[in-house]
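J.: Here you go, one structure.
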Amino acid sequence: SRGGGGGAGAGAAAGEGGQGDRGDLTIRVFRDGGEVDVAVRPAVLGSDDEARLLLWAGLVLRRTPRCVLERCSLAAAQVLQAMLPAGGVFIQHVLGGSPGESREIERLCFLLEVNGRPVRELEDVMRALAAAPPAADAQGANGSAKGGATAAAGAVAEPSEVGDEGDAGGRPRQWIRLRLMDTHGQEHVRALQRDPLYFPTFDLNRAGPGRWQCARRDK
């Protein structure tokens, strides 16, 4: 119990120092069976709050937060380390009723590829989507490549039957293939159809405290 009290005291002291001149301060901790005074100098860490979000097919995408990089498994960390300094694309949330939810894409995972094109940052996602083939070609490519994806990634969500409904312009919706990885390093493949009428693509950029600029980016 004394150790817990020492930890609480240390946290309180650090908090007080953070609001003052941030000079050296002394904290008392419980170590090796006794109380010890330790001199520390608090450091101001930069905010990990993201300044840009991308909403696509009901997926809320952002740059991978530092706290996630530090807590994912070794297997996942090795993949993400290769993406530094961009850090990869992180799915922070999946909107209810969206194409992403209907294809059972889970939040808190990483987006590695879009239609076979590697993505390291949000702009890579937009470039891959812009390069997607026309809807008819995308449906054929999806059907012919499913077996290869199964061998490479282990699990593929079988696309449902393509319906007659199209996008806002009456065009058939495209199938988009996504390669994903969870925080344990397990890879998955999902295919979804975007729905620009009800779930358009929005690019949100922070414009100041409590202010965001929003631009629609459907092609």
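As shown in the structure tokens, the chain order sets the letters A, B, ...; within each chain, residues go from 1, and ligands are also counted from 1 in the order they appear.
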Identify, on the basis of only C-alpha atoms, every residue whose closest approach to segment 99-105 of chain A does not exceed 10 Å; exclude the query and any residue fewer than 6 positions from it along the same chain; express the result as a short mmCIF file (atom, residue, chain, number, x, y, z; two decimals) with N, CA and C atoms, in the first residue's frame.
T.:
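In the end it all went to selection.cif:
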```cif
data_model
loop_
_atom_site.label_atom_id
_atom_site.label_comp_id
_atom_site.auth_asym_id
_atom_site.auth_seq_id
_atom_site.Cartn_x
_atom_site.Cartn_y
_atom_site.Cartn_z
N TRP A 56 -14.01 7.16 -45.33
CA TRP A 56 -14.26 6.48 -46.60
C TRP A 56 -15.01 5.18 -46.33
N ALA A 57 -16.14 4.99 -47.02
CA ALA A 57 -16.96 3.78 -46.90
C ALA A 57 -17.32 3.47 -45.45
N GLY A 58 -17.44 4.51 -44.64
CA GLY A 58 -17.77 4.33 -43.23
C GLY A 58 -16.58 4.05 -42.34
N LEU A 59 -15.37 4.03 -42.90
CA LEU A 59 -14.15 3.82 -42.12
C LEU A 59 -13.55 5.17 -41.77
N VAL A 60 -13.24 5.37 -40.50
CA VAL A 60 -12.55 6.59 -40.06
C VAL A 60 -11.07 6.27 -40.01
N ILE A 91 -7.38 2.26 -38.73
CA ILE A 91 -8.85 2.38 -38.75
C ILE A 91 -9.31 2.63 -37.31
N HIS A 93 -12.32 3.94 -36.33
CA HIS A 93 -13.73 3.68 -36.05
C HIS A 93 -14.41 3.21 -37.33
N ALA A 157 -13.26 -12.39 -47.10
CA ALA A 157 -14.71 -12.27 -46.98
C ALA A 157 -15.29 -12.39 -48.37
N GLU A 158 -16.10 -13.40 -48.63
CA GLU A 158 -16.67 -13.60 -49.96
C GLU A 158 -17.65 -12.47 -50.26
N PRO A 159 -17.45 -11.74 -51.38
CA PRO A 159 -18.39 -10.67 -51.72
C PRO A 159 -19.78 -11.23 -51.96
N SER A 160 -20.76 -10.48 -51.52
CA SER A 160 -22.13 -10.89 -51.77
C SER A 160 -22.47 -10.61 -53.23
N LEU A 178 -9.29 -4.81 -49.76
CA LEU A 178 -8.48 -4.25 -48.69
C LEU A 178 -7.70 -5.36 -48.00
N LEU A 180 -5.82 -6.03 -44.53
CA LEU A 180 -5.83 -5.46 -43.19
C LEU A 180 -4.93 -6.27 -42.27
N HIS A 188 -5.82 -10.04 -42.75
CA HIS A 188 -7.13 -10.41 -43.28
C HIS A 188 -7.34 -9.67 -44.60
N VAL A 189 -8.20 -10.20 -45.44
CA VAL A 189 -8.57 -9.54 -46.69
C VAL A 189 -10.08 -9.36 -46.69
N ARG A 190 -10.53 -8.17 -47.05
CA ARG A 190 -11.95 -7.89 -47.18
C ARG A 190 -12.19 -7.19 -48.52
N ALA A 191 -13.35 -7.41 -49.09
CA ALA A 191 -13.76 -6.70 -50.31
C ALA A 191 -15.07 -5.99 -50.02
N LEU A 192 -15.15 -4.73 -50.39
CA LEU A 192 -16.38 -3.98 -50.14
C LEU A 192 -16.70 -3.09 -51.34
N GLN A 193 -17.95 -2.68 -51.39
CA GLN A 193 -18.41 -1.72 -52.39
C GLN A 193 -18.65 -0.39 -51.70
N ARG A 194 -18.03 0.65 -52.22
CA ARG A 194 -18.26 1.95 -51.61
C ARG A 194 -19.65 2.46 -51.97
N ASP A 195 -20.15 3.32 -51.12
CA ASP A 195 -21.50 3.87 -51.29
C ASP A 195 -21.41 5.40 -51.19
N TYR A 198 -24.64 7.51 -49.60
CA TYR A 198 -24.92 7.56 -48.17
C TYR A 198 -23.65 7.63 -47.32
N PHE A 199 -22.52 7.16 -47.86
CA PHE A 199 -21.26 7.21 -47.12
C PHE A 199 -20.16 7.77 -48.03
#
```
J.: Show which residues sit within 6 Å of Val89 of chain A, as a list in words. Count only C-alpha atoms, and ignore same-chain residues fewer than 6 positions away.
T.: Arg62, Arg63, Thr64, Phe110, Leu111 and Glu121 of chain A
J.: Let's have the selection written as a PDB file, in the first residue's frame, with N, CA and C atoms.
T.:
```pdb
ATOM      1  N   ARG A  62      -6.897   7.334 -40.033  1.00  0.00           N
ATOM      2  CA  ARG A  62      -5.962   8.338 -39.541  1.00  0.00           C
ATOM      3  C   ARG A  62      -4.554   7.756 -39.528  1.00  0.00           C
ATOM      4  N   ARG A  63      -3.578   8.610 -39.332  1.00  0.00           N
ATOM      5  CA  ARG A  63      -2.213   8.135 -39.131  1.00  0.00           C
ATOM      6  C   ARG A  63      -2.156   7.326 -37.836  1.00  0.00           C
ATOM      7  N   THR A  64      -1.385   6.264 -37.807  1.00  0.00           N
ATOM      8  CA  THR A  64      -1.337   5.407 -36.628  1.00  0.00           C
ATOM      9  C   THR A  64      -0.814   6.189 -35.426  1.00  0.00           C
ATOM     10  N   PHE A 110      -5.131  -2.065 -38.893  1.00  0.00           N
ATOM     11  CA  PHE A 110      -4.306  -1.309 -39.831  1.00  0.00           C
ATOM     12  C   PHE A 110      -4.684  -1.644 -41.269  1.00  0.00           C
ATOM     13  N   LEU A 111      -4.692  -0.631 -42.116  1.00  0.00           N
ATOM     14  CA  LEU A 111      -4.948  -0.807 -43.533  1.00  0.00           C
ATOM     15  C   LEU A 111      -3.601  -0.864 -44.251  1.00  0.00           C
ATOM     16  N   GLU A 121       0.304   6.077 -45.904  1.00  0.00           N
ATOM     17  CA  GLU A 121      -0.294   7.290 -45.367  1.00  0.00           C
ATOM     18  C   GLU A 121      -1.636   7.517 -46.049  1.00  0.00           C
TER      19      GLU A 121
END
```
J.: With only C-alpha atoms as the atoms that count, which of A:Arg31, A:Arg52, A:Arg66, A:Arg41 lies nearest to Gly208 of chain A?
T.: A:Arg52
J.: Work out how far atom CA of Arg177 of chain A is from atom CA of Arg71 of chain A, in Å to one decimal.
T.: 27.2 Å
J.: Compare A:Gln78, A:Thr201, A:Thr26, A:Asn115 by their minimum atom-to-atom distance to Gln174 of chain A, counting only C-alpha atoms, and give me the closest one.
T.: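 For Gln174 of chain A, the nearest of the candidates is A:Asn115.
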J.: Using only C-alpha atoms, can you tell me which of A:Glu50, A:Glu70, A:Leu197, A:Arg217 comes closest to Leu129 of chain A?
T.: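 Ranked by minimum distance to Leu129 of chain A, first place goes to A:Arg217.
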J.: Distance atom CA of Pro200 of chain A-atom CA of Asp218 of chain A, one decimal place?
T.: 6.5 Å
J.: Any idea what the distance is between atom CA of Thr183 of chain A and atom CA of Ala130 of chain A?
T.: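 Between atom CA of Thr183 of chain A and atom CA of Ala130 of chain A the gap works out to 27.8 Å.
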